[in-house]
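A.B. asks: Handing you this structure, nothing more for now.
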Amino acid sequence: MSTQLRRAVASSFLGSLIEYYDFLLYATASAVVFGKVFFADLDPALATVASFGTFTTGYLARPLGGLIFGHFGDRLGRKRMLVLTMTLMGISSFLIGLLPGYDQIGAVAPLGLVLLRVVQGIAVGGEWGGAVLMSAEHARSRRGLWAGFTNAGAPSGMVVSTLAMSGTAALTSEADFLAWGWRIPFLLSIVLLAIGLFVRSRVDETPVFLAARKEERRRIPLVAVLREHPRVLALSVGVGLAAFVVQATLTTFVLAYGVQHGHPRQEVLNALTLSSACAVAGILLWSALSDRIGRRPVVLAGVVLMAVFGFLLFPMVRSGSGLLLVLALVIGQGVIHPMMYGPLAALYSELFSTGNRYTGASLGYQLAGLGAGFAPLIFAELQRANGGGSTTPVSWTIAAFCVLSAVCVLALRETHRRDLTPDLDPAVPAPAHQEGSR
């Protein structure tokens with residue numbers, strides 16, 4: 001493992017951890033704080049809905065971030081964009097920690113919160129593609145494993161953000177937590193930003209991009225993706241949809257569902273923290289396996305298992321047993337979901353050519369990510385429609401998304417042996433010595 005590859009992997013993992021620490025910290029705060037601080041003039045139930053609405057805006061902004069930073073990342077370089085995305089995320093999160101509440105500045109407070117959340121979404125939308133490419137384009141072998149560290153940063157960020165918010169709540173009274181305690185984890189973002197920028201400054205631009213930059217390129221990356229790879233782009237969105245729907249199910253919907261069925265909120269948060277820690281190991285394990293047997297077999301096995309497990313998940317949670325709750329989340333988030341999600345980092349980078357790889361990978365991944373933004377809303381509506389009883393419609397919906405992803409996986413060619421240096425058309429099969437088993 002070369003020094004630059006080691007730095008690139010460390011930078012990608014740490015950057016992803018910091019980005020998702022900030023992004024997911026907002027999710028926790030929107031559930032327990034923001035309704036009371038920024039929407040104090042609304043009915044409590046409506047305030048909660050409004051708070052989660054601001055959470056969803058972050059997901060809506062992510063494809064825009066993928067487009068903006070993908071374009072300039074394909075033109076100017078991966079490293080420059082990653083420094084900018086990390087800076088945007090760190091500053092916006094720090095400013096959320098300083099933002100006065102509704103009682104101080106009235107309607108300006110929720111407007112400021114929405115604006116900063118949009119900036120967060122744009123930043124995280126541009127971060128993922130560049131971070132993956134920094135590792136994938138530096139790697140000469142085991143690309144799935146090294147790129148997988150970027151995806152492992154997401155559950156790592158969830159662990160850190162959950163611990164930060166829970167720890168702050170434990171050290172302060174409820175009144176102090178609502179008054180100022182919740183701001184501390186957001187203010188700490190500026191410290192993480194400084195650490196992340198230091199690590200990122202030590203990484204060189206990828207050799208693949210530098211080699212491609214020597215060739216004259218006049219095409220706009222987005223136009224090139226839409227014109228040359230529309231089928232691949234559409235399939236890449238479909239491949240990731242199930243993973244994001246399941247991610248939202250396990251980290252958001254199950255949290256509310258578990259509390260609704262008698263589990264203490266802290267018990268559910270503890271189970272989620274444990275399963276997130278297991279997910280880090282799971283992502284790296286399945287990503288490494290995809291280097292040996294291919295991306296498609298690992299992802300396909302994951303979506304098939306999840307289609308079945310979706311019918312077992314909710315009975316395990318509503319059983320009332322703390323052990324079954326932990327088991328459900330560990331199996332779901334720590335074992336099966338990483339099979340669907342881990343190999344996607346390398347897979348997306350292998351689907352597009354160097355001149356439009358940042359744009360194509362970011363756009364496919366972030367459009368698929370909309371599934372995580374809307375899945376909890378869809379599931380809540382399904383439950384409301386049937387009187388809040390059976391979760392069978394939710395399980396069938398998860399299964400349907402898994403089937404869609406399975407079809408898209410099968411429609412793509414295997415990519416794990418593709419050389420990222422030549423600008424081969426991903427829609428055309430590579431020679432036998434480059435193309436993996438179908």
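Residues are referred to by chain and number: the chain letter is A, B, ... according to the order shown in the structure tokens, the number counts from 1 in that chain, and ligands are numbered separately from 1 in the order shown.
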I'd like the neighbourhood of Pro100 in chain A as a PDB file with N, CA, C and O atoms, in the first residue's frame, where a residue qualifies if any of its atoms comes within 12 Å (using only C-alpha atoms), though same-chain residues fewer than 5 positions away should be ignored.
C.D. replies:
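Ended up saving to result.pdb:
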ATOM      1  N   PHE A  34     -35.289  20.447  17.356  1.00  0.00           N
ATOM      2  CA  PHE A  34     -35.597  21.550  16.448  1.00  0.00           C
ATOM      3  C   PHE A  34     -37.064  21.970  16.460  1.00  0.00           C
ATOM      4  O   PHE A  34     -37.382  23.142  16.269  1.00  0.00           O
ATOM      5  N   VAL A  37     -37.311  24.390  19.309  1.00  0.00           N
ATOM      6  CA  VAL A  37     -36.448  25.568  19.257  1.00  0.00           C
ATOM      7  C   VAL A  37     -36.785  26.479  18.080  1.00  0.00           C
ATOM      8  O   VAL A  37     -36.834  27.699  18.225  1.00  0.00           O
ATOM      9  N   PHE A  38     -37.041  25.888  16.917  1.00  0.00           N
ATOM     10  CA  PHE A  38     -37.204  26.684  15.700  1.00  0.00           C
ATOM     11  C   PHE A  38     -38.644  26.775  15.206  1.00  0.00           C
ATOM     12  O   PHE A  38     -38.946  27.567  14.314  1.00  0.00           O
ATOM     13  N   PHE A  39     -39.536  25.957  15.763  1.00  0.00           N
ATOM     14  CA  PHE A  39     -40.944  25.987  15.339  1.00  0.00           C
ATOM     15  C   PHE A  39     -41.855  26.089  16.559  1.00  0.00           C
ATOM     16  O   PHE A  39     -42.879  25.415  16.665  1.00  0.00           O
ATOM     17  N   LEU A  95     -22.557  27.003  12.029  1.00  0.00           N
ATOM     18  CA  LEU A  95     -23.523  28.102  12.060  1.00  0.00           C
ATOM     19  C   LEU A  95     -24.877  27.655  12.603  1.00  0.00           C
ATOM     20  O   LEU A  95     -25.580  28.449  13.249  1.00  0.00           O
ATOM     21  N   ILE A 105     -35.452  35.457  17.189  1.00  0.00           N
ATOM     22  CA  ILE A 105     -35.512  36.180  15.915  1.00  0.00           C
ATOM     23  C   ILE A 105     -36.741  35.832  15.079  1.00  0.00           C
ATOM     24  O   ILE A 105     -36.827  36.184  13.904  1.00  0.00           O
ATOM     25  N   GLY A 106     -37.690  35.116  15.662  1.00  0.00           N
ATOM     26  CA  GLY A 106     -38.938  34.830  14.976  1.00  0.00           C
ATOM     27  C   GLY A 106     -38.779  33.950  13.749  1.00  0.00           C
ATOM     28  O   GLY A 106     -37.996  32.988  13.755  1.00  0.00           O
ATOM     29  N   ALA A 107     -39.504  34.289  12.669  1.00  0.00           N
ATOM     30  CA  ALA A 107     -39.564  33.445  11.475  1.00  0.00           C
ATOM     31  C   ALA A 107     -38.236  33.345  10.748  1.00  0.00           C
ATOM     32  O   ALA A 107     -38.041  32.445   9.909  1.00  0.00           O
ATOM     33  N   VAL A 108     -37.308  34.251  11.038  1.00  0.00           N
ATOM     34  CA  VAL A 108     -35.986  34.183  10.409  1.00  0.00           C
ATOM     35  C   VAL A 108     -35.255  32.903  10.842  1.00  0.00           C
ATOM     36  O   VAL A 108     -34.453  32.353  10.090  1.00  0.00           O
ATOM     37  N   ALA A 109     -35.538  32.420  12.049  1.00  0.00           N
ATOM     38  CA  ALA A 109     -34.850  31.238  12.583  1.00  0.00           C
ATOM     39  C   ALA A 109     -35.106  29.987  11.737  1.00  0.00           C
ATOM     40  O   ALA A 109     -34.147  29.343  11.290  1.00  0.00           O
ATOM     41  N   PRO A 110     -36.366  29.594  11.498  1.00  0.00           N
ATOM     42  CA  PRO A 110     -36.575  28.410  10.659  1.00  0.00           C
ATOM     43  C   PRO A 110     -36.103  28.601   9.221  1.00  0.00           C
ATOM     44  O   PRO A 110     -35.627  27.635   8.593  1.00  0.00           O
ATOM     45  N   LEU A 111     -36.182  29.831   8.707  1.00  0.00           N
ATOM     46  CA  LEU A 111     -35.679  30.082   7.350  1.00  0.00           C
ATOM     47  C   LEU A 111     -34.159  29.881   7.294  1.00  0.00           C
ATOM     48  O   LEU A 111     -33.631  29.291   6.354  1.00  0.00           O
ATOM     49  N   GLY A 112     -33.479  30.382   8.314  1.00  0.00           N
ATOM     50  CA  GLY A 112     -32.030  30.181   8.382  1.00  0.00           C
ATOM     51  C   GLY A 112     -31.679  28.714   8.509  1.00  0.00           C
ATOM     52  O   GLY A 112     -30.693  28.239   7.919  1.00  0.00           O
ATOM     53  N   LEU A 113     -32.471  27.979   9.265  1.00  0.00           N
ATOM     54  CA  LEU A 113     -32.229  26.544   9.444  1.00  0.00           C
ATOM     55  C   LEU A 113     -32.372  25.803   8.115  1.00  0.00           C
ATOM     56  O   LEU A 113     -31.543  24.957   7.776  1.00  0.00           O
ATOM     57  N   ALA A 179     -31.941  24.617  25.884  1.00  0.00           N
ATOM     58  CA  ALA A 179     -31.516  26.012  25.833  1.00  0.00           C
ATOM     59  C   ALA A 179     -30.195  26.175  25.078  1.00  0.00           C
ATOM     60  O   ALA A 179     -30.055  27.070  24.235  1.00  0.00           O
ATOM     61  N   TRP A 180     -29.206  25.304  25.385  1.00  0.00           N
ATOM     62  CA  TRP A 180     -27.893  25.479  24.764  1.00  0.00           C
ATOM     63  C   TRP A 180     -27.111  24.171  24.567  1.00  0.00           C
ATOM     64  O   TRP A 180     -26.211  24.107  23.717  1.00  0.00           O
ATOM     65  N   ARG A 183     -26.412  22.550  21.122  1.00  0.00           N
ATOM     66  CA  ARG A 183     -25.547  23.282  20.196  1.00  0.00           C
ATOM     67  C   ARG A 183     -24.097  22.768  20.223  1.00  0.00           C
ATOM     68  O   ARG A 183     -23.364  22.931  19.243  1.00  0.00           O
TER      69      ARG A 183
END
A.B. asks: Under the rule of at most 12 Å, produce a per-residue listing of range 270-340 of chain A near range 133-148 of chain A: chain, number, name, the closest pair of atoms, and the distance in Å, as CSV, using only C-alpha atoms.
C.D. replies:
residue,atom,partner,partner_atom,distance
A:Ala279,CA,A:Gly148,CA,11.7
A:Val280,CA,A:Gly148,CA,9.5
A:Ala281,CA,A:Gly148,CA,10.4
A:Gly282,CA,A:Gly148,CA,10.2
A:Ile283,CA,A:Gly148,CA,6.6
A:Leu284,CA,A:Gly148,CA,5.9
A:Leu285,CA,A:Leu145,CA,7.8
A:Trp286,CA,A:Leu145,CA,8.3
A:Ser287,CA,A:Leu145,CA,5.0
A:Ala288,CA,A:Leu145,CA,4.5
A:Leu289,CA,A:Gly144,CA,8.1
A:Ser290,CA,A:Gly144,CA,6.3
A:Asp291,CA,A:Gly144,CA,5.5
A:Arg292,CA,A:Arg142,CA,8.5
A:Ile293,CA,A:Gly144,CA,10.9
A:Gly294,CA,A:Gly144,CA,9.1
A:Arg295,CA,A:Gly144,CA,8.2
A:Arg296,CA,A:Gly144,CA,12.0
A:Val298,CA,A:Gly144,CA,11.4
A:Pro338,CA,A:Gly148,CA,10.0
A:Met339,CA,A:Gly148,CA,11.2
A:Met340,CA,A:Gly148,CA,11.9
A.B. asks: Closest to Gly167 in chain A among A:Val259, A:Leu76, A:Leu60, A:Ile184, using only C-alpha atoms?
C.D. replies: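 For Gly167 in chain A, the nearest of the given residues is A:Ile184.
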A.B. asks: Closest to Val124 in chain A among A:Ser395, A:Ser275, A:Thr162, A:Ser16, using only C-alpha atoms?
C.D. replies: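 Counting only C-alpha atoms, the residue closest to Val124 in chain A is A:Ser16.
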A.B. asks: Could you check how far CA of Thr392 in chain A sits from CA of Gly310 in chain A, in Å to one decimal?
C.D. replies: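 Atom-to-atom, CA of Thr392 in chain A and CA of Gly310 in chain A are spaced 9.0 Å apart.
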A.B. asks: For Tyr20 in chain A, please output as a ChimeraX atom specification all residues within 8 Å (counting only C-alpha atoms; exclusion window: fewer than 5 positions along the same chain).
C.D. replies: /A:25,124,153-155,157-158
A.B. asks: Extract, using only C-alpha atoms, all DNA, RNA and protein residues at most 10 Å from Leu64 in chain A, discarding same-chain residues fewer than 6 positions from it, and format them as a list in words.
C.D. replies: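 Residues near the query, excluding close chain neighbours: Gly70, Val118, Gly121, Ile122, Ala123, Gly125, Gly126, Ser362, Leu363, Gln366 and Leu367 of chain A.
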A.B. asks: Pull all heavy atoms from the residues just selected and write them as a CSV table (one decimal), in the first residue's frame.
C.D. replies:
chain,number,residue,atom,x,y,z
A,70,GLY,N,-19.6,17.6,-9.2
A,70,GLY,CA,-19.2,16.6,-10.2
A,70,GLY,C,-18.6,17.3,-11.4
A,70,GLY,O,-17.6,16.9,-12.0
A,118,VAL,N,-29.9,23.1,3.4
A,118,VAL,CA,-29.7,23.0,2.0
A,118,VAL,C,-28.2,23.0,1.7
A,118,VAL,O,-27.7,22.2,0.8
A,118,VAL,CB,-30.4,24.1,1.2
A,118,VAL,CG1,-30.0,24.2,-0.3
A,118,VAL,CG2,-31.9,23.9,1.3
A,121,GLY,N,-26.8,19.7,2.4
A,121,GLY,CA,-27.2,18.7,1.4
A,121,GLY,C,-26.3,18.9,0.2
A,121,GLY,O,-25.8,17.9,-0.4
A,122,ILE,N,-26.0,20.1,-0.2
A,122,ILE,CA,-25.2,20.3,-1.4
A,122,ILE,C,-23.8,19.8,-1.1
A,122,ILE,O,-23.1,19.2,-2.0
A,122,ILE,CB,-25.2,21.8,-1.8
A,122,ILE,CG1,-26.5,22.2,-2.3
A,122,ILE,CG2,-24.1,22.1,-2.8
A,122,ILE,CD1,-26.7,23.7,-2.5
A,123,ALA,N,-23.3,20.1,0.1
A,123,ALA,CA,-21.9,19.7,0.5
A,123,ALA,C,-21.8,18.2,0.5
A,123,ALA,O,-20.8,17.6,-0.1
A,123,ALA,CB,-21.5,20.2,1.8
A,125,GLY,N,-23.7,16.1,-1.0
A,125,GLY,CA,-23.9,15.6,-2.4
A,125,GLY,C,-22.6,15.6,-3.2
A,125,GLY,O,-22.4,14.7,-4.1
A,126,GLY,N,-21.8,16.6,-3.0
A,126,GLY,CA,-20.5,16.7,-3.7
A,126,GLY,C,-19.4,15.9,-3.1
A,126,GLY,O,-18.4,15.5,-3.8
A,362,SER,N,-21.6,10.6,-8.9
A,362,SER,CA,-22.3,11.4,-8.0
A,362,SER,C,-23.8,11.5,-8.3
A,362,SER,O,-24.6,11.4,-7.4
A,362,SER,CB,-21.7,12.9,-7.9
A,362,SER,OG,-20.4,12.9,-7.5
A,363,LEU,N,-24.1,11.7,-9.5
A,363,LEU,CA,-25.5,11.8,-9.9
A,363,LEU,C,-26.3,10.5,-9.7
A,363,LEU,O,-27.4,10.6,-9.1
A,363,LEU,CB,-25.6,12.3,-11.4
A,363,LEU,CG,-27.0,12.7,-11.9
A,363,LEU,CD1,-27.5,13.9,-11.0
A,363,LEU,CD2,-26.9,13.1,-13.3
A,366,GLN,N,-26.5,10.0,-5.8
A,366,GLN,CA,-27.4,11.0,-5.0
A,366,GLN,C,-28.8,10.9,-5.5
A,366,GLN,O,-29.7,11.1,-4.6
A,366,GLN,CB,-26.8,12.4,-5.2
A,366,GLN,CG,-25.4,12.6,-4.7
A,366,GLN,CD,-25.2,12.2,-3.3
A,366,GLN,OE1,-26.2,12.1,-2.5
A,366,GLN,NE2,-24.0,12.0,-2.9
A,367,LEU,N,-29.1,10.5,-6.7
A,367,LEU,CA,-30.5,10.3,-7.1
A,367,LEU,C,-31.0,9.1,-6.4
A,367,LEU,O,-32.2,9.1,-6.0
A,367,LEU,CB,-30.6,10.2,-8.6
A,367,LEU,CG,-30.4,11.5,-9.4
A,367,LEU,CD1,-30.4,11.2,-10.9
A,367,LEU,CD2,-31.5,12.5,-9.1
A.B. asks: What's the separation between CA of Phe69 in chain A and CA of Ile220 in chain A, in Å to one decimal place?
C.D. replies: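 So the answer is 12.9 Å.
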A.B. asks: Run DSSP on the backbone and tell me which residues of range 97-217 of chain A come out as alpha helix (DSSP H); list them as a short mmCIF file (atom, residue, chain, number, x, y, z; two decimals) with N, CA and C atoms, in the first residue's frame.
C.D. replies:
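Result file is result.cif:
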data_model
loop_
_atom_site.label_atom_id
_atom_site.label_comp_id
_atom_site.auth_asym_id
_atom_site.auth_seq_id
_atom_site.Cartn_x
_atom_site.Cartn_y
_atom_site.Cartn_z
N GLY A 97 -25.19 25.61 14.99
CA GLY A 97 -24.96 25.67 16.43
C GLY A 97 -25.05 27.08 16.99
N LEU A 98 -24.88 28.10 16.14
CA LEU A 98 -24.95 29.49 16.59
C LEU A 98 -26.30 30.14 16.28
N TYR A 102 -36.48 30.51 17.55
CA TYR A 102 -37.67 31.28 17.16
C TYR A 102 -37.98 32.37 18.18
N ASP A 103 -37.74 32.10 19.45
CA ASP A 103 -38.04 33.08 20.50
C ASP A 103 -37.17 34.33 20.37
N GLN A 104 -35.98 34.20 19.74
CA GLN A 104 -35.07 35.34 19.62
C GLN A 104 -35.29 36.14 18.33
N ILE A 105 -35.45 35.46 17.19
CA ILE A 105 -35.51 36.18 15.91
C ILE A 105 -36.74 35.83 15.08
N VAL A 108 -37.31 34.25 11.04
CA VAL A 108 -35.99 34.18 10.41
C VAL A 108 -35.25 32.90 10.84
N ALA A 109 -35.54 32.42 12.05
CA ALA A 109 -34.85 31.24 12.58
C ALA A 109 -35.11 29.99 11.74
N PRO A 110 -36.37 29.59 11.50
CA PRO A 110 -36.58 28.41 10.66
C PRO A 110 -36.10 28.60 9.22
N LEU A 111 -36.18 29.83 8.71
CA LEU A 111 -35.68 30.08 7.35
C LEU A 111 -34.16 29.88 7.29
N GLY A 112 -33.48 30.38 8.31
CA GLY A 112 -32.03 30.18 8.38
C GLY A 112 -31.68 28.71 8.51
N LEU A 113 -32.47 27.98 9.27
CA LEU A 113 -32.23 26.54 9.44
C LEU A 113 -32.37 25.80 8.12
N VAL A 114 -33.42 26.14 7.35
CA VAL A 114 -33.63 25.50 6.05
C VAL A 114 -32.47 25.81 5.11
N LEU A 115 -32.04 27.07 5.09
CA LEU A 115 -30.95 27.48 4.22
C LEU A 115 -29.67 26.70 4.54
N LEU A 116 -29.34 26.62 5.82
CA LEU A 116 -28.13 25.91 6.22
C LEU A 116 -28.25 24.41 5.93
N ARG A 117 -29.46 23.87 6.05
CA ARG A 117 -29.66 22.45 5.73
C ARG A 117 -29.47 22.20 4.24
N VAL A 118 -29.91 23.13 3.42
CA VAL A 118 -29.69 23.00 1.97
C VAL A 118 -28.19 23.01 1.66
N VAL A 119 -27.44 23.90 2.32
CA VAL A 119 -25.99 23.93 2.12
C VAL A 119 -25.37 22.61 2.55
N GLN A 120 -25.85 22.04 3.66
CA GLN A 120 -25.37 20.72 4.09
C GLN A 120 -25.62 19.68 3.01
N GLY A 121 -26.83 19.68 2.44
CA GLY A 121 -27.17 18.71 1.41
C GLY A 121 -26.30 18.85 0.18
N ILE A 122 -26.04 20.09 -0.24
CA ILE A 122 -25.18 20.33 -1.40
C ILE A 122 -23.77 19.83 -1.11
N ALA A 123 -23.28 20.08 0.10
CA ALA A 123 -21.92 19.67 0.47
C ALA A 123 -21.78 18.15 0.48
N VAL A 124 -22.71 17.46 1.12
CA VAL A 124 -22.60 16.00 1.19
C VAL A 124 -22.85 15.37 -0.17
N GLY A 125 -23.65 16.05 -1.02
CA GLY A 125 -23.88 15.55 -2.37
C GLY A 125 -22.63 15.59 -3.22
N GLY A 126 -21.77 16.58 -2.97
CA GLY A 126 -20.52 16.65 -3.72
C GLY A 126 -19.38 15.88 -3.10
N GLU A 127 -19.48 15.61 -1.81
CA GLU A 127 -18.40 14.93 -1.08
C GLU A 127 -18.22 13.49 -1.51
N TRP A 128 -19.32 12.73 -1.59
CA TRP A 128 -19.20 11.29 -1.75
C TRP A 128 -18.45 10.91 -3.01
N GLY A 129 -18.84 11.47 -4.15
CA GLY A 129 -18.21 11.09 -5.40
C GLY A 129 -16.73 11.36 -5.42
N GLY A 130 -16.34 12.53 -4.94
CA GLY A 130 -14.92 12.86 -4.92
C GLY A 130 -14.13 12.00 -3.97
N ALA A 131 -14.70 11.71 -2.78
CA ALA A 131 -14.00 10.88 -1.80
C ALA A 131 -13.78 9.47 -2.32
N VAL A 132 -14.81 8.92 -2.96
CA VAL A 132 -14.68 7.58 -3.54
C VAL A 132 -13.60 7.56 -4.61
N LEU A 133 -13.60 8.57 -5.48
CA LEU A 133 -12.64 8.58 -6.57
C LEU A 133 -11.21 8.79 -6.09
N MET A 134 -11.03 9.53 -5.01
CA MET A 134 -9.68 9.71 -4.47
C MET A 134 -9.08 8.36 -4.08
N SER A 135 -9.88 7.49 -3.51
CA SER A 135 -9.39 6.15 -3.15
C SER A 135 -9.34 5.23 -4.36
N ALA A 136 -10.42 5.19 -5.15
CA ALA A 136 -10.50 4.25 -6.27
C ALA A 136 -9.46 4.55 -7.34
N ARG A 143 -9.59 -2.44 -5.18
CA ARG A 143 -10.30 -1.17 -5.28
C ARG A 143 -11.59 -1.16 -4.46
N GLY A 144 -12.27 -2.30 -4.41
CA GLY A 144 -13.50 -2.38 -3.64
C GLY A 144 -13.28 -2.07 -2.17
N LEU A 145 -12.22 -2.65 -1.60
CA LEU A 145 -11.92 -2.43 -0.19
C LEU A 145 -11.56 -0.98 0.08
N TRP A 146 -10.63 -0.44 -0.72
CA TRP A 146 -10.16 0.93 -0.45
C TRP A 146 -11.27 1.94 -0.68
N ALA A 147 -12.05 1.79 -1.73
CA ALA A 147 -13.17 2.70 -1.96
C ALA A 147 -14.25 2.50 -0.89
N GLY A 148 -14.37 1.26 -0.38
CA GLY A 148 -15.37 0.96 0.63
C GLY A 148 -15.19 1.74 1.92
N PHE A 149 -13.96 2.23 2.18
CA PHE A 149 -13.73 3.02 3.39
C PHE A 149 -14.57 4.29 3.38
N THR A 150 -14.85 4.83 2.18
CA THR A 150 -15.70 6.02 2.10
C THR A 150 -17.10 5.69 2.59
N ASN A 151 -17.65 4.56 2.13
CA ASN A 151 -18.99 4.17 2.58
C ASN A 151 -19.00 3.81 4.06
N ALA A 152 -17.88 3.28 4.57
CA ALA A 152 -17.81 2.96 5.99
C ALA A 152 -17.83 4.22 6.84
N GLY A 153 -17.51 5.36 6.24
CA GLY A 153 -17.54 6.61 6.99
C GLY A 153 -18.94 7.02 7.39
N ALA A 154 -19.96 6.59 6.62
CA ALA A 154 -21.35 6.97 6.94
C ALA A 154 -21.82 6.40 8.27
N PRO A 155 -21.75 5.07 8.49
CA PRO A 155 -22.15 4.57 9.81
C PRO A 155 -21.21 5.02 10.93
N SER A 156 -19.94 5.28 10.59
CA SER A 156 -19.03 5.81 11.60
C SER A 156 -19.48 7.19 12.05
N GLY A 157 -19.90 8.01 11.08
CA GLY A 157 -20.42 9.33 11.42
C GLY A 157 -21.68 9.24 12.25
N MET A 158 -22.50 8.21 11.98
CA MET A 158 -23.72 8.02 12.76
C MET A 158 -23.39 7.66 14.21
N VAL A 159 -22.40 6.80 14.39
CA VAL A 159 -21.99 6.42 15.74
C VAL A 159 -21.52 7.65 16.51
N VAL A 160 -20.64 8.43 15.89
CA VAL A 160 -20.07 9.59 16.57
C VAL A 160 -21.14 10.63 16.86
N SER A 161 -22.03 10.89 15.89
CA SER A 161 -23.07 11.91 16.10
C SER A 161 -24.06 11.48 17.17
N THR A 162 -24.43 10.20 17.19
CA THR A 162 -25.35 9.70 18.21
C THR A 162 -24.73 9.80 19.60
N LEU A 163 -23.45 9.41 19.70
CA LEU A 163 -22.75 9.49 20.99
C LEU A 163 -22.61 10.94 21.44
N ALA A 164 -22.33 11.85 20.49
CA ALA A 164 -22.16 13.26 20.86
C ALA A 164 -23.46 13.84 21.40
N MET A 165 -24.57 13.56 20.71
CA MET A 165 -25.85 14.12 21.15
C MET A 165 -26.32 13.45 22.44
N SER A 166 -26.17 12.13 22.53
CA SER A 166 -26.59 11.42 23.75
C SER A 166 -25.74 11.82 24.94
N GLY A 167 -24.43 11.96 24.71
CA GLY A 167 -23.54 12.35 25.80
C GLY A 167 -23.84 13.74 26.32
N THR A 168 -24.12 14.66 25.40
CA THR A 168 -24.46 16.02 25.81
C THR A 168 -25.76 16.04 26.60
N ALA A 169 -26.74 15.26 26.13
CA ALA A 169 -28.03 15.20 26.83
C ALA A 169 -27.87 14.61 28.23
N ALA A 170 -26.96 13.64 28.37
CA ALA A 170 -26.75 13.00 29.67
C ALA A 170 -26.05 13.95 30.66
N LEU A 171 -25.25 14.88 30.16
CA LEU A 171 -24.46 15.76 31.03
C LEU A 171 -25.18 17.06 31.36
N GLU A 174 -32.62 18.68 31.17
CA GLU A 174 -33.46 18.80 29.97
C GLU A 174 -33.63 20.26 29.56
N ALA A 175 -33.77 21.13 30.53
CA ALA A 175 -33.93 22.55 30.23
C ALA A 175 -32.66 23.13 29.60
N ASP A 176 -31.51 22.78 30.19
CA ASP A 176 -30.24 23.28 29.65
C ASP A 176 -29.95 22.69 28.27
N ARG A 183 -26.41 22.55 21.12
CA ARG A 183 -25.55 23.28 20.20
C ARG A 183 -24.10 22.77 20.22
N ILE A 184 -23.69 22.17 21.33
CA ILE A 184 -22.29 21.77 21.49
C ILE A 184 -21.82 20.81 20.39
N PRO A 185 -22.57 19.72 20.08
CA PRO A 185 -22.10 18.84 19.01
C PRO A 185 -21.96 19.54 17.66
N PHE A 186 -22.83 20.53 17.38
CA PHE A 186 -22.71 21.28 16.13
C PHE A 186 -21.47 22.18 16.14
N LEU A 187 -21.20 22.81 17.26
CA LEU A 187 -20.04 23.69 17.36
C LEU A 187 -18.73 22.90 17.24
N SER A 189 -18.11 20.79 15.19
CA SER A 189 -17.84 20.56 13.77
C SER A 189 -16.63 21.35 13.29
N ILE A 190 -16.40 22.52 13.88
CA ILE A 190 -15.28 23.35 13.43
C ILE A 190 -13.95 22.68 13.77
N VAL A 191 -13.92 21.93 14.87
CA VAL A 191 -12.71 21.20 15.24
C VAL A 191 -12.48 20.05 14.27
N LEU A 192 -13.55 19.30 13.98
CA LEU A 192 -13.43 18.21 13.02
C LEU A 192 -13.04 18.73 11.64
N LEU A 193 -13.53 19.91 11.28
CA LEU A 193 -13.18 20.50 9.99
C LEU A 193 -11.68 20.77 9.91
N ALA A 194 -11.11 21.31 10.96
CA ALA A 194 -9.68 21.60 10.96
C ALA A 194 -8.86 20.32 10.80
N ILE A 195 -9.26 19.26 11.51
CA ILE A 195 -8.56 17.98 11.40
C ILE A 195 -8.68 17.42 9.98
N GLY A 196 -9.90 17.46 9.44
CA GLY A 196 -10.14 16.91 8.12
C GLY A 196 -9.37 17.64 7.04
N LEU A 197 -9.32 18.97 7.11
CA LEU A 197 -8.60 19.75 6.10
C LEU A 197 -7.10 19.48 6.17
N PHE A 198 -6.57 19.28 7.38
CA PHE A 198 -5.15 18.96 7.51
C PHE A 198 -4.84 17.63 6.82
N VAL A 199 -5.66 16.62 7.08
CA VAL A 199 -5.43 15.31 6.46
C VAL A 199 -5.57 15.40 4.94
N ARG A 200 -6.58 16.12 4.48
CA ARG A 200 -6.85 16.23 3.05
C ARG A 200 -5.76 16.99 2.32
N SER A 201 -5.11 17.93 2.99
CA SER A 201 -4.06 18.73 2.35
C SER A 201 -2.83 17.89 2.00
N PRO A 207 -3.69 10.09 -9.91
CA PRO A 207 -2.91 9.94 -11.15
C PRO A 207 -3.80 9.71 -12.36
N VAL A 208 -4.95 9.09 -12.16
CA VAL A 208 -5.87 8.85 -13.27
C VAL A 208 -6.39 10.17 -13.82
N PHE A 209 -6.77 11.09 -12.93
CA PHE A 209 -7.26 12.39 -13.39
C PHE A 209 -6.15 13.19 -14.05
N LEU A 210 -4.94 13.17 -13.48
CA LEU A 210 -3.83 13.93 -14.05
C LEU A 210 -3.49 13.44 -15.45
N ALA A 211 -3.58 12.12 -15.65
CA ALA A 211 -3.30 11.58 -16.98
C ALA A 211 -4.37 12.00 -17.97
N ALA A 212 -5.63 12.01 -17.53
CA ALA A 212 -6.72 12.38 -18.42
C ALA A 212 -6.72 13.87 -18.72
N ARG A 213 -6.21 14.68 -17.80
CA ARG A 213 -6.22 16.14 -17.98
C ARG A 213 -5.31 16.57 -19.12
#
A.B. asks: Within 9 Å of Phe374 in chain A, counting only C-alpha atoms, which residues show up once you throw out same-chain ones fewer than 6 positions away? Write them as a PyMOL selection string, please.
C.D. replies: chain A and resi 56+59+245+248
A.B. asks: What does the structure give for the distance between CA of Val330 in chain A and CA of Leu313 in chain A, in Å to one decimal?
C.D. replies: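 Answer for the CA of Val330 in chain A to CA of Leu313 in chain A separation: 10.8 Å.
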A.B. asks: Counting only C-alpha atoms, which of A:Val303, A:Leu99, A:Leu250, A:Ile378 gets nearest to Val317 in chain A?
C.D. replies: A:Leu250
A.B. asks: For each of A:Leu351, A:Leu324, A:Leu404, A:Leu188, take the minimum atom-to-atom distance to Ala242 in chain A, counting only C-alpha atoms, then give the residue where this is smallest.
C.D. replies: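 Residue with the minimum atom-to-atom distance to Ala242 in chain A: A:Leu404.
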